[in-house]
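Student: Take a look at start_7.tsv, TSV, C-alpha atoms:
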chain	number	residue	atom	x	y	z
A	164	ARG	CA	-112.77	-154.60	55.67
A	165	ASP	CA	-114.57	-154.52	52.39
A	166	PRO	CA	-118.29	-153.69	52.90
A	167	VAL	CA	-119.39	-156.80	50.98
A	168	GLU	CA	-117.16	-159.00	53.12
A	169	ALA	CA	-118.50	-157.37	56.29
A	170	ALA	CA	-122.08	-157.92	55.10
A	171	VAL	CA	-121.41	-161.61	54.42
A	172	ILE	CA	-119.80	-162.09	57.86
A	173	ALA	CA	-122.70	-160.31	59.57
A	174	ARG	CA	-125.18	-162.48	57.68
A	175	ALA	CA	-123.31	-165.65	58.68
A	176	VAL	CA	-123.47	-164.72	62.36
A	177	GLN	CA	-127.16	-163.86	62.05
A	178	VAL	CA	-127.96	-167.19	60.37
A	179	ILE	CA	-126.07	-169.25	62.94
A	180	VAL	CA	-127.65	-167.52	65.93
A	181	LEU	CA	-131.22	-167.34	64.63
A	182	HIS	CA	-131.33	-170.66	62.74
A	183	PRO	CA	-133.39	-172.56	65.37
A	184	ILE	CA	-136.12	-169.89	65.21
A	185	HIS	CA	-136.06	-169.99	61.41
A	186	PHE	CA	-136.19	-173.80	61.50
A	187	VAL	CA	-139.35	-173.83	63.64
A	188	LYS	CA	-140.95	-171.14	61.44
A	189	VAL	CA	-140.27	-173.17	58.27
A	190	CYS	CA	-141.72	-176.30	59.87
A	191	ARG	CA	-144.89	-174.48	60.89
A	192	GLN	CA	-145.30	-172.92	57.45
A	193	SER	CA	-144.70	-176.25	55.70
A	194	GLY	CA	-147.27	-178.01	57.86
A	195	ILE	CA	-150.03	-175.70	56.69
A	196	LEU	CA	-149.90	-177.20	53.20
A	197	LEU	CA	-150.20	-180.83	54.28
A	198	SER	CA	-153.08	-182.93	55.52
A	199	PRO	CA	-153.31	-183.23	59.32
A	200	GLY	CA	-151.91	-186.78	59.42
A	201	ALA	CA	-148.96	-185.98	57.19
A	202	SER	CA	-148.00	-182.79	58.98
A	203	GLY	CA	-147.79	-184.12	62.55
A	204	HIS	CA	-143.99	-184.01	62.67
A	205	LEU	CA	-144.07	-180.35	61.58
A	206	GLU	CA	-146.39	-179.25	64.38
A	207	ARG	CA	-144.23	-180.41	67.30
A	208	SER	CA	-143.08	-178.01	69.98
A	209	VAL	CA	-139.44	-177.01	70.34
A	210	LEU	CA	-139.17	-179.27	73.38
A	211	ASP	CA	-140.62	-182.23	71.44
A	212	ILE	CA	-138.14	-181.66	68.61
A	213	ARG	CA	-135.25	-181.49	71.07
A	214	ASN	CA	-136.37	-184.64	72.88
A	215	SER	CA	-137.01	-186.75	69.79
A	216	ASP	CA	-134.43	-185.48	67.29
A	217	GLY	CA	-131.80	-184.01	69.61
A	218	PHE	CA	-130.70	-180.48	70.44
A	219	TRP	CA	-128.49	-180.08	67.36
A	220	SER	CA	-131.34	-181.00	65.00
A	221	MET	CA	-132.52	-177.41	65.45
A	222	TRP	CA	-129.64	-176.49	63.15
A	223	ARG	CA	-130.84	-178.93	60.48
A	224	ALA	CA	-129.98	-177.74	56.96
A	225	MET	CA	-127.51	-175.19	58.35
A	226	PRO	CA	-125.00	-175.62	55.48
A	227	ALA	CA	-127.78	-175.12	52.93
A	228	THR	CA	-129.04	-172.05	54.79
A	229	LEU	CA	-125.56	-170.56	55.07
A	230	GLY	CA	-124.87	-171.25	51.41
A	231	ARG	CA	-128.07	-169.59	50.32
A	232	ASP	CA	-127.84	-166.58	52.60
A	233	LEU	CA	-124.14	-165.87	52.11
A	234	VAL	CA	-124.43	-166.03	48.33
A	235	THR	CA	-127.55	-163.84	48.49
A	236	ALA	CA	-125.77	-161.22	50.61
A	237	ALA	CA	-122.64	-161.24	48.45
A	238	VAL	CA	-124.56	-160.99	45.16
A	239	PHE	CA	-126.88	-158.30	46.48
A	240	TRP	CA	-124.21	-156.01	47.94
A	241	GLN	CA	-121.70	-156.50	45.13
A	242	SER	CA	-124.28	-155.84	42.41
A	243	TYR	CA	-125.68	-152.88	44.35
A	244	ARG	CA	-122.23	-151.36	44.73
A	245	GLN	CA	-121.25	-151.97	41.10
A	246	ALA	CA	-124.53	-150.65	39.67
A	247	SER	CA	-124.56	-147.52	41.83
A	248	ASN	CA	-120.90	-146.80	40.96
A	249	PHE	CA	-121.70	-147.28	37.27
A	250	LEU	CA	-124.68	-144.90	37.44
A	251	LYS	CA	-122.72	-142.36	39.44
A	252	GLY	CA	-119.83	-142.35	36.94
A	253	ASP	CA	-117.35	-139.54	37.58
A	254	ASP	CA	-119.92	-137.44	39.42
A	255	GLU	CA	-118.96	-136.88	43.07
A	256	GLY	CA	-122.54	-136.18	44.18
A	257	ALA	CA	-124.92	-138.70	45.65
A	258	LEU	CA	-127.49	-140.48	43.52
A	259	PRO	CA	-131.17	-139.67	44.10
A	260	ALA	CA	-132.97	-141.90	46.59
A	261	THR	CA	-135.32	-143.21	43.90
A	262	THR	CA	-132.36	-144.32	41.78
A	263	LEU	CA	-130.77	-146.06	44.75
A	264	ALA	CA	-134.10	-147.74	45.53
A	265	GLY	CA	-134.31	-148.98	41.94
A	266	VAL	CA	-130.75	-150.30	42.10
A	267	ALA	CA	-131.56	-152.06	45.38
A	268	CYS	CA	-134.69	-153.63	43.84
A	269	LEU	CA	-132.79	-154.94	40.83
A	270	SER	CA	-129.97	-156.24	43.04
A	271	GLY	CA	-132.50	-157.99	45.27
A	272	ILE	CA	-134.23	-159.56	42.29
A	273	ALA	CA	-130.93	-160.80	40.87
A	274	SER	CA	-129.79	-162.32	44.16
A	275	THR	CA	-133.18	-163.94	44.83
A	276	VAL	CA	-133.51	-165.50	41.37
A	277	LEU	CA	-129.94	-166.80	41.58
A	278	THR	CA	-130.41	-168.43	44.99
A	279	GLN	CA	-134.02	-169.63	44.71
A	280	PRO	CA	-133.05	-173.28	44.04
A	281	ALA	CA	-130.95	-173.31	47.21
A	282	ASP	CA	-133.91	-171.92	49.16
A	283	VAL	CA	-136.23	-174.65	47.87
A	284	VAL	CA	-133.73	-177.36	48.81
A	285	LYS	CA	-133.10	-175.81	52.24
A	286	THR	CA	-136.82	-175.65	53.00
A	287	ARG	CA	-137.37	-179.26	51.97
A	288	MET	CA	-134.42	-180.34	54.13
A	289	GLN	CA	-135.83	-178.53	57.16
A	290	ALA	CA	-139.32	-179.96	56.70
A	291	HIS	CA	-137.94	-183.49	56.36
A	292	GLN	CA	-138.92	-185.89	59.14
A	293	LEU	CA	-135.65	-186.86	60.79
A	294	MET	CA	-136.89	-189.72	62.97
A	295	VAL	CA	-139.07	-192.43	61.48
A	296	SER	CA	-140.37	-195.70	62.88
A	297	GLY	CA	-139.23	-198.80	61.05
A	298	GLU	CA	-141.35	-201.87	60.41
A	299	ASP	CA	-139.47	-203.62	63.20
A	300	GLY	CA	-140.62	-200.97	65.69
A	301	TYR	CA	-137.24	-199.32	66.10
A	302	ARG	CA	-136.79	-195.61	65.45
A	303	LYS	CA	-134.47	-194.81	62.60
A	304	VAL	CA	-132.68	-191.60	61.78
A	305	LYS	CA	-132.84	-190.49	58.15
A	306	VAL	CA	-130.45	-187.61	57.67
A	307	VAL	CA	-131.32	-185.73	54.52
A	308	ARG	CA	-128.49	-184.51	52.29
A	309	TYR	CA	-128.35	-181.45	50.05
A	310	PHE	CA	-127.71	-183.13	46.70
A	311	GLU	CA	-130.17	-185.96	47.47
A	312	THR	CA	-132.85	-183.36	48.13
A	313	LEU	CA	-131.91	-181.40	45.01
A	314	ALA	CA	-132.11	-184.56	42.89
A	315	ALA	CA	-135.46	-185.61	44.43
A	316	THR	CA	-136.91	-182.14	43.81
A	317	TYR	CA	-135.69	-182.13	40.22
A	318	LYS	CA	-137.03	-185.65	39.65
A	319	ALA	CA	-140.45	-184.72	41.05
A	320	ALA	CA	-140.95	-181.38	39.29
A	321	GLY	CA	-138.05	-180.68	36.94
A	322	LEU	CA	-136.52	-177.23	36.80
A	323	ARG	CA	-139.93	-175.68	37.58
A	324	GLY	CA	-139.76	-177.26	41.02
A	325	LEU	CA	-136.69	-175.19	41.87
A	326	TRP	CA	-138.34	-171.86	41.12
Go through the file and emit its structure as structure tokens.
Tutor:
Amino acid sequence: RDPVEAAVIARAVQVIVLHPIHFVKVCRQSGILLSPGASGHLERSVLDIRNSDGFWSMWRAMPATLGRDLVTAAVFWQSYRQASNFLKGDDEGALPATTLAGVACLSGIASTVLTQPADVVKTRMQAHQLMVSGEDGYRKVKVVRYFETLAATYKAAGLRGLW
């Protein structure tokens, strides 16, 4: 297999397996920024989330996370490989470690800047309160969607809100 393809597959497996842990981490981090009353749904235990929102809610925003992480991995490894091959040229020897570190830094910057809007949307989707109480007393499920969240973020803060 191509190394970039292998890296993307490995990243996909990692995201799928570790997504519930990442989900809880994002909720905890998001709750720090809110007032105590507004952040109650972000401070629930894993068991509370499973009981109220369901087991599969732990994979909330999975498509957004996969999209962000797979594009990040592909852009990083492809740009790293292309840049190091360009710098190496026809020389058969290895590049110095400092050059490779610089190439890795630039590749990481490029992939992060490119995928930052997807990360903002993914985080907002994960911090979204899935279950809400209606005026009639019944609990309602509000499933958040990627493009709805993107539009709401853009409407609230413009392009600045995505970076």
Student: Separation of atom CA of Ala315 of chain A and atom CA of Glu298 of chain A, in Å?
Tutor: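 Taking atom CA of Ala315 of chain A and atom CA of Glu298 of chain A, their separation equals 23.5 Å.
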Student: Excluding segment 262-268 of chain A and its own-chain neighbours fewer than 6 positions away, which residues fall within 7 Å of it when counting only C-alpha atoms? Please give them as a PyMOL selection string.
Tutor: chain A and resi 243+246-247
Student: Quick one: residues within 9 Å of Ser270 of chain A, all atoms listed in the file counted, chain neighbours fewer than 6 positions away excluded, as an mmCIF file with C-alpha atoms, in the frame of the given file?
Tutor:
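See part-v9.cif below for the written result:
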data_model
loop_
_atom_site.group_PDB
_atom_site.id
_atom_site.type_symbol
_atom_site.label_atom_id
_atom_site.label_comp_id
_atom_site.auth_asym_id
_atom_site.auth_seq_id
_atom_site.Cartn_x
_atom_site.Cartn_y
_atom_site.Cartn_z
ATOM 1 C CA VAL A 238 -124.560 -160.990 45.160
ATOM 2 C CA PHE A 239 -126.880 -158.300 46.480
ATOM 3 C CA TRP A 240 -124.210 -156.010 47.940
ATOM 4 C CA GLN A 241 -121.700 -156.500 45.130
ATOM 5 C CA SER A 242 -124.280 -155.840 42.410
ATOM 6 C CA TYR A 243 -125.680 -152.880 44.350
ATOM 7 C CA ALA A 246 -124.530 -150.650 39.670
#
Student: Quick one: residues within 12 Å of Ala237 of chain A, all atoms listed in the file, excluding same-chain residues fewer than 5 positions away - as a compact mmCIF listing (two decimals) with C-alpha atoms, in the coordinates of the input?
Tutor:
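Saved the output as out.txt:
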# COMPACT_ATOMS: atom_id res chain seq x y z
CA ASP A 165 -114.57 -154.52 52.39
CA PRO A 166 -118.29 -153.69 52.90
CA VAL A 167 -119.39 -156.80 50.98
CA GLU A 168 -117.16 -159.00 53.12
CA ALA A 169 -118.50 -157.37 56.29
CA ALA A 170 -122.08 -157.92 55.10
CA VAL A 171 -121.41 -161.61 54.42
CA ILE A 172 -119.80 -162.09 57.86
CA ALA A 173 -122.70 -160.31 59.57
CA ARG A 174 -125.18 -162.48 57.68
CA ALA A 175 -123.31 -165.65 58.68
CA LEU A 229 -125.56 -170.56 55.07
CA GLY A 230 -124.87 -171.25 51.41
CA ARG A 231 -128.07 -169.59 50.32
CA ASP A 232 -127.84 -166.58 52.60
CA SER A 242 -124.28 -155.84 42.41
CA TYR A 243 -125.68 -152.88 44.35
CA ARG A 244 -122.23 -151.36 44.73
CA GLN A 245 -121.25 -151.97 41.10
CA SER A 270 -129.97 -156.24 43.04
CA GLY A 271 -132.50 -157.99 45.27
CA ALA A 273 -130.93 -160.80 40.87
CA SER A 274 -129.79 -162.32 44.16
CA THR A 275 -133.18 -163.94 44.83
CA LEU A 277 -129.94 -166.80 41.58
CA THR A 278 -130.41 -168.43 44.99
Student: Atom CA of Ser208 of chain A to atom CA of Val189 of chain A: how many Å, to one decimal?
Tutor: 13.0 Å
Student: From the set A:Gln289, A:Glu206, A:Glu255, A:Asp282, which residue has the shortest atom-to-atom contact distance to Pro183 of chain A, counting all atoms listed in the file?
Tutor: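 The answer is A:Gln289, which sits nearest to Pro183 of chain A.
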Student: What is the distance between atom CA of Ala227 of chain A and atom CA of Arg287 of chain A, in Å to one decimal?
Tutor: 10.5 Å
Student: Kindly indicate which residue among A:Ala314, A:Ala260, A:Ala320, A:Ile272 lies nearest to Thr235 of chain A, using all atoms listed in the file for the distances.
Tutor: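 Result for the nearest residue to Thr235 of chain A: A:Ile272.
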Student: Let me make sure I understand: among A:Asp253, A:Leu325, A:Leu233, A:Val187, which one has the smallest atom-to-atom distance to Ile212 of chain A if we use all atoms listed in the file?
Tutor: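 Closest candidate: A:Val187.
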Student: Can you work out which one of A:Phe249, A:Asn214, A:Gly324, A:Val284 has the shortest atom-to-atom distance to Glu311 of chain A, counting only C-alpha atoms?
Tutor: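 When distances to Glu311 of chain A are compared using only C-alpha atoms, the smallest one comes from A:Val284.
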Student: May I have the residues at most 12 Å from (-132.1, -179.5, 68.1) in the file's coordinates, counting all atoms listed in the file, as a ChimeraX atom specification?
Tutor: /A:182-184,186-187,208-225,289,293
Student: Which residue, A:Leu250, A:Val307, A:Ile195, A:Ala236, has the smallest gap to Val178 of chain A when you use all atoms listed in the file?
Tutor: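 Nearest candidate to Val178 of chain A out of A:Leu250, A:Val307, A:Ile195, A:Ala236: A:Ala236.
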Student: When you count only C-alpha atoms, which of these residues is closest to Gly321 of chain A: A:Pro280, A:Tyr309, A:Val234, A:Gly194?
Tutor: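 Looking only at the distances to Gly321 of chain A, the closest residue turns out to be A:Pro280.
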